[in-house]
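So this block is coords_14.txt, compact mmCIF, C-alpha atoms:
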```
# COMPACT_ATOMS: atom_id res chain seq x y z
CA MET A 1 -87.24 181.22 -177.28
CA ALA A 2 -90.69 182.82 -177.49
CA SER A 3 -91.48 185.50 -180.09
CA SER A 4 -92.17 189.07 -179.09
CA GLN A 5 -95.88 188.75 -179.85
CA ILE A 6 -96.26 185.68 -177.65
CA ILE A 7 -94.42 187.46 -174.83
CA ILE A 8 -96.79 190.45 -174.98
CA LEU A 9 -99.81 188.13 -175.01
CA ALA A 10 -98.35 186.25 -172.04
CA ILE A 11 -97.89 189.52 -170.11
CA VAL A 12 -101.51 190.52 -170.82
CA ALA A 13 -102.83 187.06 -169.84
CA THR A 14 -100.75 186.99 -166.65
CA SER A 15 -101.81 190.50 -165.66
CA LEU A 16 -105.50 189.79 -166.28
CA ALA A 17 -105.39 186.47 -164.44
CA THR A 18 -103.81 188.27 -161.49
CA PHE A 19 -106.02 191.37 -161.45
CA ILE A 20 -109.24 189.29 -161.48
CA SER A 21 -108.47 187.92 -158.02
CA ARG A 22 -107.57 191.34 -156.64
CA PHE A 23 -110.61 193.07 -158.10
CA MET A 24 -113.04 190.32 -157.04
CA GLY A 25 -111.51 190.68 -153.59
CA ALA A 26 -112.19 194.42 -153.56
CA LEU A 27 -115.82 193.80 -154.64
CA THR A 28 -116.38 191.05 -152.04
CA SER A 29 -114.86 193.26 -149.34
CA GLU A 30 -117.71 195.76 -149.72
CA LYS A 31 -120.11 193.12 -148.39
CA VAL A 32 -117.91 191.71 -145.63
CA SER A 33 -117.96 193.22 -142.15
CA VAL A 34 -114.78 193.19 -140.08
CA LYS A 35 -116.63 191.63 -137.15
CA SER A 36 -118.25 188.82 -139.14
CA LYS A 37 -117.33 185.13 -139.08
CA VAL A 38 -116.87 185.27 -142.85
CA PHE A 39 -114.09 187.82 -142.40
CA GLU A 40 -112.35 185.57 -139.88
CA TRP A 41 -112.59 182.63 -142.26
CA PHE A 42 -111.12 184.65 -145.11
CA ASN A 43 -108.33 185.76 -142.80
CA CYS A 44 -107.44 182.14 -141.93
CA VAL A 45 -107.63 181.03 -145.57
CA ALA A 46 -105.43 183.97 -146.64
CA TYR A 47 -102.72 183.06 -144.16
CA SER A 48 -102.83 179.34 -144.96
CA THR A 49 -102.81 179.88 -148.75
CA LEU A 50 -99.82 182.14 -148.35
CA ALA A 51 -98.09 179.60 -146.11
CA ALA A 52 -98.85 176.86 -148.65
CA LEU A 53 -97.26 178.93 -151.40
CA LEU A 54 -94.15 179.57 -149.29
CA GLY A 55 -93.86 175.92 -148.26
CA ARG A 56 -94.05 174.98 -151.91
CA MET A 57 -91.48 177.64 -152.86
CA ILE A 58 -88.98 176.06 -150.45
CA ILE A 59 -89.71 172.36 -151.11
CA PHE A 60 -90.63 172.51 -154.84
CA PRO A 61 -89.26 175.85 -156.06
CA ALA A 62 -89.70 177.46 -159.47
CA GLY A 63 -87.00 179.47 -161.23
CA VAL A 64 -83.31 179.41 -160.31
CA LEU A 65 -83.96 178.23 -156.77
CA ALA A 66 -84.69 174.77 -158.20
CA ASP A 67 -80.96 174.36 -158.88
CA SER A 68 -80.05 174.41 -155.18
CA ASP A 69 -80.11 171.48 -152.78
CA LEU A 70 -83.34 170.91 -150.80
CA LEU A 71 -81.55 170.24 -147.51
CA ILE A 72 -79.49 173.40 -147.82
CA ARG A 73 -82.61 175.47 -148.54
CA VAL A 74 -84.38 174.10 -145.46
CA PHE A 75 -81.27 174.59 -143.32
CA VAL A 76 -80.87 178.23 -144.43
CA LEU A 77 -84.57 178.92 -143.86
CA VAL A 78 -84.60 177.47 -140.33
CA LEU A 79 -81.38 179.25 -139.38
CA CYS A 80 -82.68 182.60 -140.65
CA ILE A 81 -85.98 182.19 -138.81
CA LEU A 82 -84.01 181.58 -135.60
CA VAL A 83 -81.95 184.71 -136.26
CA PHE A 84 -85.20 186.63 -136.81
CA ILE A 85 -86.61 185.44 -133.49
CA PHE A 86 -83.42 186.12 -131.52
CA SER A 87 -82.75 189.51 -133.14
CA LYS A 88 -85.99 190.92 -131.69
CA LYS A 89 -87.74 190.44 -135.03
CA ASN A 90 -85.30 192.35 -137.17
CA LEU A 91 -86.01 191.49 -140.81
CA VAL A 92 -83.00 193.01 -142.53
CA ILE A 93 -80.36 190.76 -140.88
CA PRO A 94 -81.99 187.36 -141.62
CA THR A 95 -82.88 188.27 -145.20
CA ILE A 96 -79.36 189.42 -146.10
CA LEU A 97 -77.92 186.42 -144.25
CA SER A 98 -80.12 184.03 -146.25
CA ALA A 99 -78.79 185.28 -149.58
CA VAL A 100 -75.17 185.15 -148.43
CA LEU A 101 -75.51 181.67 -146.90
CA LEU A 102 -77.29 180.08 -149.83
CA SER A 103 -74.89 181.57 -152.40
CA PHE A 104 -71.98 180.37 -150.30
CA PHE A 105 -73.25 176.81 -149.73
CA ASN A 106 -74.23 176.49 -153.35
CA SER A 107 -70.82 177.52 -154.63
CA ILE A 108 -68.89 174.95 -152.58
CA MET B 1 -108.38 213.36 -152.25
CA ILE B 2 -105.45 211.57 -150.64
CA ASN B 3 -104.34 212.56 -147.15
CA PRO B 4 -100.62 213.36 -147.64
CA LYS B 5 -99.59 212.69 -144.05
CA THR B 6 -101.05 209.19 -143.92
CA PHE B 7 -99.84 208.48 -147.45
CA LEU B 8 -96.28 209.32 -146.38
CA GLN B 9 -96.65 207.17 -143.29
CA GLY B 10 -97.42 204.26 -145.60
CA LEU B 11 -94.60 205.12 -147.98
CA LYS B 12 -92.14 205.29 -145.07
CA SER B 13 -92.77 201.62 -144.28
CA LEU B 14 -90.02 201.00 -146.87
CA LYS B 15 -87.47 202.19 -144.30
CA GLY B 16 -86.26 200.67 -141.04
CA SER B 17 -85.53 197.25 -139.63
CA ARG B 18 -88.78 195.75 -140.95
CA SER B 19 -88.30 197.17 -144.42
CA PRO B 20 -89.62 195.08 -147.32
CA ALA B 21 -87.32 196.92 -149.75
CA ILE B 22 -84.41 194.46 -149.46
CA PRO B 23 -86.39 191.23 -150.00
CA LEU B 24 -88.51 192.84 -152.71
CA GLY B 25 -85.40 194.16 -154.40
CA ALA B 26 -83.63 190.79 -154.18
CA CYS B 27 -86.45 188.76 -155.67
CA PHE B 28 -87.28 191.21 -158.45
CA ILE B 29 -83.59 191.45 -159.41
CA ALA B 30 -83.65 187.66 -159.74
CA LEU B 31 -86.87 187.92 -161.75
CA GLY B 32 -85.42 190.56 -164.09
CA ALA B 33 -82.47 188.28 -164.82
CA LEU B 34 -84.81 185.31 -165.37
CA LEU B 35 -87.01 187.29 -167.78
CA LYS B 36 -83.95 188.23 -169.82
CA ASP B 37 -83.12 184.55 -169.97
CA ALA B 38 -86.64 183.80 -171.17
CA GLY B 39 -86.20 186.18 -174.12
CA PHE B 40 -87.96 189.30 -172.80
CA ASN B 41 -86.65 192.73 -173.74
CA LEU B 42 -86.21 195.49 -171.14
CA GLN B 43 -89.59 197.13 -171.77
CA GLN B 44 -91.43 193.82 -171.60
CA SER B 45 -89.73 192.93 -168.31
CA ALA B 46 -90.67 196.26 -166.77
CA ALA B 47 -94.21 195.99 -168.13
CA SER B 48 -94.60 192.56 -166.57
CA SER B 49 -93.84 193.90 -163.09
CA LEU B 50 -95.86 197.07 -163.74
CA PHE B 51 -99.04 195.27 -164.80
CA THR B 52 -98.80 191.94 -162.99
CA TYR B 53 -96.77 192.75 -159.87
CA ALA B 54 -97.09 189.29 -158.34
CA LEU B 55 -93.86 187.35 -158.28
CA PRO B 56 -95.10 183.72 -158.21
CA GLY B 57 -97.37 184.40 -161.18
CA GLN B 58 -94.55 186.02 -163.11
CA LEU B 59 -92.30 183.01 -162.37
CA VAL B 60 -95.01 180.69 -163.67
CA MET B 61 -95.37 182.82 -166.80
CA ALA B 62 -91.63 182.80 -167.51
CA GLU B 63 -91.30 179.06 -166.94
CA SER B 64 -94.37 178.29 -169.03
CA LEU B 65 -93.01 180.36 -171.92
CA LEU B 66 -89.70 178.51 -171.72
CA VAL B 67 -91.45 175.14 -172.12
CA GLY B 68 -93.72 176.53 -174.85
CA ALA B 69 -97.08 176.42 -173.03
CA SER B 70 -100.13 178.00 -174.70
CA ILE B 71 -101.53 181.38 -173.62
CA VAL B 72 -104.67 179.71 -172.25
CA ASN B 73 -102.54 177.38 -170.16
CA ILE B 74 -100.51 180.30 -168.87
CA PHE B 75 -103.70 182.15 -167.95
CA ILE B 76 -105.07 179.20 -165.96
CA ALA B 77 -101.75 178.40 -164.26
CA VAL B 78 -101.26 182.03 -163.23
CA TRP B 79 -104.86 182.37 -162.04
CA LEU B 80 -104.45 179.32 -159.83
CA VAL B 81 -101.15 180.43 -158.33
CA ASN B 82 -102.33 184.00 -157.78
CA PHE B 83 -105.80 183.11 -156.53
CA ARG B 84 -104.45 183.67 -153.02
CA LEU B 85 -104.82 187.39 -153.73
CA TYR B 86 -108.60 186.99 -153.49
CA PRO B 87 -108.78 185.85 -149.82
CA MET B 88 -105.91 188.21 -149.04
CA THR B 89 -107.85 191.20 -150.38
CA VAL B 90 -111.02 190.18 -148.55
CA SER B 91 -109.08 189.84 -145.29
CA LEU B 92 -107.55 193.31 -145.64
CA PHE B 93 -109.90 195.70 -147.46
CA PRO B 94 -112.76 195.60 -144.93
CA LEU B 95 -110.22 196.93 -142.40
CA LEU B 96 -109.52 199.91 -144.67
CA GLU B 97 -113.17 200.64 -145.47
CA HIS B 98 -114.61 204.08 -144.63
CA LYS B 99 -117.85 205.65 -145.81
CA SER B 100 -116.24 208.99 -146.66
CA GLN B 101 -113.74 207.42 -149.08
CA PRO B 102 -114.57 207.06 -152.79
CA LYS B 103 -114.79 203.57 -154.27
CA TRP B 104 -112.30 204.18 -157.05
CA LYS B 105 -109.52 204.29 -154.47
CA TYR B 106 -110.30 200.72 -153.50
CA TYR B 107 -110.79 199.49 -157.08
CA LEU B 108 -107.49 200.93 -158.27
CA SER B 109 -105.37 200.29 -155.19
CA CYS B 110 -106.27 196.60 -155.10
CA HIS B 111 -103.56 196.29 -157.76
CA PHE B 112 -100.98 196.91 -155.00
CA LEU B 113 -102.07 193.80 -153.17
CA ALA B 114 -99.07 191.51 -152.84
CA VAL B 115 -97.64 189.47 -150.00
CA SER B 116 -95.23 192.16 -148.78
CA SER B 117 -97.70 195.06 -148.85
CA TRP B 118 -100.40 192.87 -147.30
CA LEU B 119 -98.21 191.79 -144.39
CA ILE B 120 -97.08 195.39 -143.74
CA ALA B 121 -100.63 196.72 -143.86
CA LYS B 122 -101.90 193.96 -141.55
CA ASP B 123 -99.06 194.78 -139.18
CA GLY B 124 -99.63 198.54 -139.12
CA TYR B 125 -103.27 199.47 -139.89
CA GLN B 126 -104.33 199.69 -136.24
CA LYS B 127 -102.11 202.71 -135.66
CA ILE B 128 -103.83 204.68 -138.42
CA ASP B 129 -107.03 206.69 -138.08
CA LYS B 130 -109.87 204.71 -139.65
CA LYS B 131 -110.81 207.50 -142.01
CA HIS B 132 -107.43 207.58 -143.73
CA ARG B 133 -106.43 203.91 -143.71
CA ILE B 134 -106.92 203.57 -147.45
CA ASP B 135 -104.39 206.39 -148.00
CA PHE B 136 -101.94 204.57 -145.72
CA TRP B 137 -102.47 201.52 -147.91
CA ILE B 138 -101.93 203.50 -151.12
CA GLY B 139 -98.65 204.78 -149.63
CA ILE B 140 -97.46 201.25 -148.86
CA GLY B 141 -98.59 200.11 -152.30
CA ILE B 142 -96.87 202.86 -154.30
CA GLY B 143 -93.65 202.22 -152.37
CA THR B 144 -93.56 198.44 -152.80
CA TRP B 145 -94.87 198.50 -156.37
CA SER B 146 -92.30 201.02 -157.63
CA THR B 147 -89.50 199.14 -155.82
CA ALA B 148 -90.53 195.99 -157.68
CA ILE B 149 -90.57 197.69 -161.10
CA ILE B 150 -87.23 199.46 -160.61
CA MET B 151 -85.55 196.29 -159.33
CA THR B 152 -86.84 194.26 -162.27
CA VAL B 153 -85.06 196.72 -164.55
CA VAL B 154 -81.92 196.56 -162.37
CA GLY B 155 -82.01 192.76 -162.50
CA TYR B 156 -82.44 192.77 -166.26
CA LEU B 157 -79.53 195.15 -166.77
CA SER B 158 -77.22 193.35 -164.34
CA ALA B 159 -78.07 189.83 -165.52
CA ASP B 160 -74.70 189.42 -167.23
CA TYR B 161 -72.82 190.28 -164.06
CA LEU B 162 -74.72 187.91 -161.77
CA ASN B 163 -73.57 184.33 -161.64
CA LYS B 164 -75.90 181.45 -160.91
CA ASP B 165 -74.97 181.09 -157.23
CA MET B 166 -75.71 184.77 -156.66
CA LEU B 167 -79.10 184.47 -158.35
CA ILE B 168 -79.97 181.44 -156.23
CA GLY B 169 -78.98 183.41 -153.14
CA LEU B 170 -81.24 186.29 -154.20
CA ALA B 171 -84.14 183.97 -154.90
CA ILE B 172 -84.34 182.57 -151.35
CA VAL B 173 -84.55 186.04 -149.73
CA ASN B 174 -88.22 186.34 -150.61
CA PRO B 175 -89.54 183.14 -148.95
CA VAL B 176 -87.27 183.74 -145.93
CA TYR B 177 -88.65 187.28 -145.49
CA PHE B 178 -92.24 186.13 -145.84
CA PHE B 179 -91.79 183.24 -143.42
CA CYS B 180 -90.34 185.63 -140.84
CA MET B 181 -93.21 188.08 -141.36
CA MET B 182 -95.76 185.29 -140.97
CA ILE B 183 -94.13 183.98 -137.83
CA GLY B 184 -94.28 187.54 -136.51
CA ALA B 185 -98.01 187.53 -137.30
CA MET B 186 -98.67 184.27 -135.37
CA LYS B 187 -100.12 186.10 -132.38
CA ASN B 188 -103.22 183.95 -131.93
CA LEU B 189 -104.07 180.29 -132.29
CA SER B 190 -106.08 180.50 -135.50
CA VAL B 191 -103.34 182.29 -137.45
CA SER B 192 -100.75 179.86 -136.03
CA ILE B 193 -102.76 176.82 -137.15
CA ALA B 194 -103.34 178.43 -140.56
CA VAL B 195 -99.64 179.14 -141.09
CA ILE B 196 -98.32 175.78 -139.88
CA GLY B 197 -101.10 173.80 -141.60
CA GLY B 198 -100.62 175.65 -144.88
CA THR B 199 -96.84 175.21 -144.83
CA LEU B 200 -97.22 171.44 -144.42
CA LEU B 201 -100.19 170.89 -146.73
CA GLY B 202 -98.94 173.07 -149.59
CA PRO B 203 -96.00 170.84 -150.57
CA LEU B 204 -97.91 167.64 -149.63
CA ILE B 205 -100.88 168.33 -151.92
CA TYR B 206 -98.45 169.52 -154.59
CA LEU B 207 -97.34 165.87 -154.87
CA ILE B 208 -100.88 164.97 -155.97
CA SER B 209 -101.84 168.02 -158.04
CA THR B 210 -99.38 170.74 -158.99
CA GLU B 211 -102.04 173.20 -160.16
CA TRP B 212 -104.63 172.88 -157.41
CA ALA B 213 -102.25 172.45 -154.48
CA LEU B 214 -102.39 176.05 -153.23
CA LEU B 215 -106.15 176.36 -153.47
CA PHE B 216 -106.87 173.09 -151.66
CA ALA B 217 -104.14 173.51 -149.06
CA GLY B 218 -105.35 177.04 -148.35
CA ILE B 219 -109.00 176.11 -147.96
CA ILE B 220 -108.36 172.95 -145.89
CA ALA B 221 -105.78 174.46 -143.53
CA GLY B 222 -107.64 177.79 -143.33
CA THR B 223 -110.99 176.19 -142.51
CA THR B 224 -109.33 173.95 -139.90
CA ALA B 225 -107.74 177.02 -138.33
CA PHE B 226 -111.08 178.86 -138.40
CA LEU B 227 -112.95 175.98 -136.74
CA PHE B 228 -110.39 175.08 -134.06
CA GLY B 229 -108.53 178.34 -133.55
CA GLY B 230 -111.57 180.53 -132.95
CA LYS B 231 -113.08 178.48 -130.11
CA LYS B 232 -109.96 178.35 -127.99
CA ASN B 233 -109.48 182.08 -128.36
CA GLY B 234 -112.97 182.51 -127.00
CA LYS B 235 -113.99 184.63 -129.97
```

Can the structure in the file be given as structure tokens, please?
Amino acid sequence: MASSQIIILAIVATSLATFISRFMGALTSEKVSVKSKVFEWFNCVAYSTLAALLGRMIIFPAGVLADSDLLIRVFVLVLCILVFIFSKKNLVIPTILSAVLLSFFNSI
Amino acid sequence: MINPKTFLQGLKSLKGSRSPAIPLGACFIALGALLKDAGFNLQQSAASSLFTYALPGQLVMAESLLVGASIVNIFIAVWLVNFRLYPMTVSLFPLLEHKSQPKWKYYLSCHFLAVSSWLIAKDGYQKIDKKHRIDFWIGIGIGTWSTAIIMTVVGYLSADYLNKDMLIGLAIVNPVYFFCMMIGAMKNLSVSIAVIGGTLLGPLIYLISTEWALLFAGIIAGTTAFLFGGKKNGK
């Protein structure tokens, strides 16, 4: 278990490492026009980086999710996406369903 | 200063059938419980969500502390996993730009940039008058940010009452919500290629390099989407 001092340092390091990207983004934004090609490229890269992170979270998760079965995770994800599509894009139903389903499958 | 009507419009995005409050709540409850496990006290857990407010980075921090990684290693690992916030900011903030608005609003409110707030803002900015879009964004940001902090505290305090299966259930809510939001955003070819390409490449490149996977997958899939998606849309 880490000492209190290390934990505080870790919080500071994590917050700085995170804020750098946000702040650099705000600075770069001042020079980027909405109609430019550069903006479109950033838009595509933002979506794909996000998708890459989510793909990784499902296939190679960090935290407690790592203790569940890969096939079950993929099954729950696909099922909930289908519910989302068929419920006229309601987000509350599939998200609650995902938690209930995964807890259930993992406990049996 | 801040236009109250637009600010409230942003804040109200927490309600309704597209609300991010449930998924945000679920994942930050799971995070609060995890931080307790990693030896954090209540104040430290709340401070982590207050100052970092980026779940994947906080997960990396907690896991790195558990295996005894150095502070420098934590910094680099978090920077790499949260680097996505850079392209995300650049693909949102130009849409919120207005000459009459002071710069400090942009510099401070960039802290609210996270996947949920970004997706909501991208989904709703067109309905807002250009002059007040930044206030709409600040409304979204205050709402999602405070939800995250409160739920981290709730998770920390309820850690003893949550069993492992419940925590696992809570942890999947976040990726499910984001996947649904992204599928909802796949309205043109370039975004569709970016989303599908990123989803496939992220885990694939992770097999080769755990640290650089997101950066490379994002740039490769994003550039492919930019090159092939744009032409067919006739843009």

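Counting only C-alpha atoms and comparing A:Leu27, A:Ala17, A:Leu9, A:Ala52, the residue that lies closest to B:Ala221 is A:Ala52.
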
Using all atoms listed in the file, find all polymer residues with an atom at most 8 Å away from the point (-103.4, 188.0, -163.6); report them as a CSV table (one decimal) with C-alpha atoms, in the frame of the given file.
```csv
chain,number,residue,atom,x,y,z
A,12,VAL,CA,-101.5,190.5,-170.8
A,13,ALA,CA,-102.8,187.1,-169.8
A,14,THR,CA,-100.8,187.0,-166.6
A,15,SER,CA,-101.8,190.5,-165.7
A,16,LEU,CA,-105.5,189.8,-166.3
A,17,ALA,CA,-105.4,186.5,-164.4
A,18,THR,CA,-103.8,188.3,-161.5
A,19,PHE,CA,-106.0,191.4,-161.4
A,20,ILE,CA,-109.2,189.3,-161.5
A,21,SER,CA,-108.5,187.9,-158.0
B,52,THR,CA,-98.8,191.9,-163.0
B,57,GLY,CA,-97.4,184.4,-161.2
B,75,PHE,CA,-103.7,182.2,-168.0
B,78,VAL,CA,-101.3,182.0,-163.2
B,79,TRP,CA,-104.9,182.4,-162.0
B,82,ASN,CA,-102.3,184.0,-157.8
```

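Each of A:Ala26, A:Ile59, A:Leu102, A:Leu91 was compared to B:Phe178 using all atoms listed in the file, and A:Leu91 turns out to be the nearest.
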
At a cut-off of 6 Å, which residues of chain B touch chain A? Count only C-alpha atoms and give the answer as a PyMOL selection string.
chain B and resi 17-18+39+48+51-52+75+79+82-91+93-94+110+165-166+168-170+173+175-177+180+194-195+198-199+202-203+214+218-219+221-222+226

Take atom CA of B:His98 and atom CA of B:Val115 and report the distance between them in Å, one decimal.
23.0 Å

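Here atom CA of B:Gly141 and atom CA of B:Ile2 stand 13.5 Å from one another.
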
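Proximity ranking of B:Leu24, B:Leu35, B:Ala159, B:Met1 relative to B:Gly143 places B:Leu24 first, based on only C-alpha atoms.
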
d(atom CA of B:Val154, atom CA of B:Lys15) in Å
19.7 Å

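Distances here use all atoms listed in the file; by that measure, the residue among B:Thr223, B:Ser116, B:Asn41, B:Ser64 closest to B:Asn174 is B:Ser116.
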
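Minimum distance to B:Gln126 across B:Ile150, B:Ala213, B:Ala46, B:Leu92 (counting all atoms listed in the file) occurs at B:Leu92.
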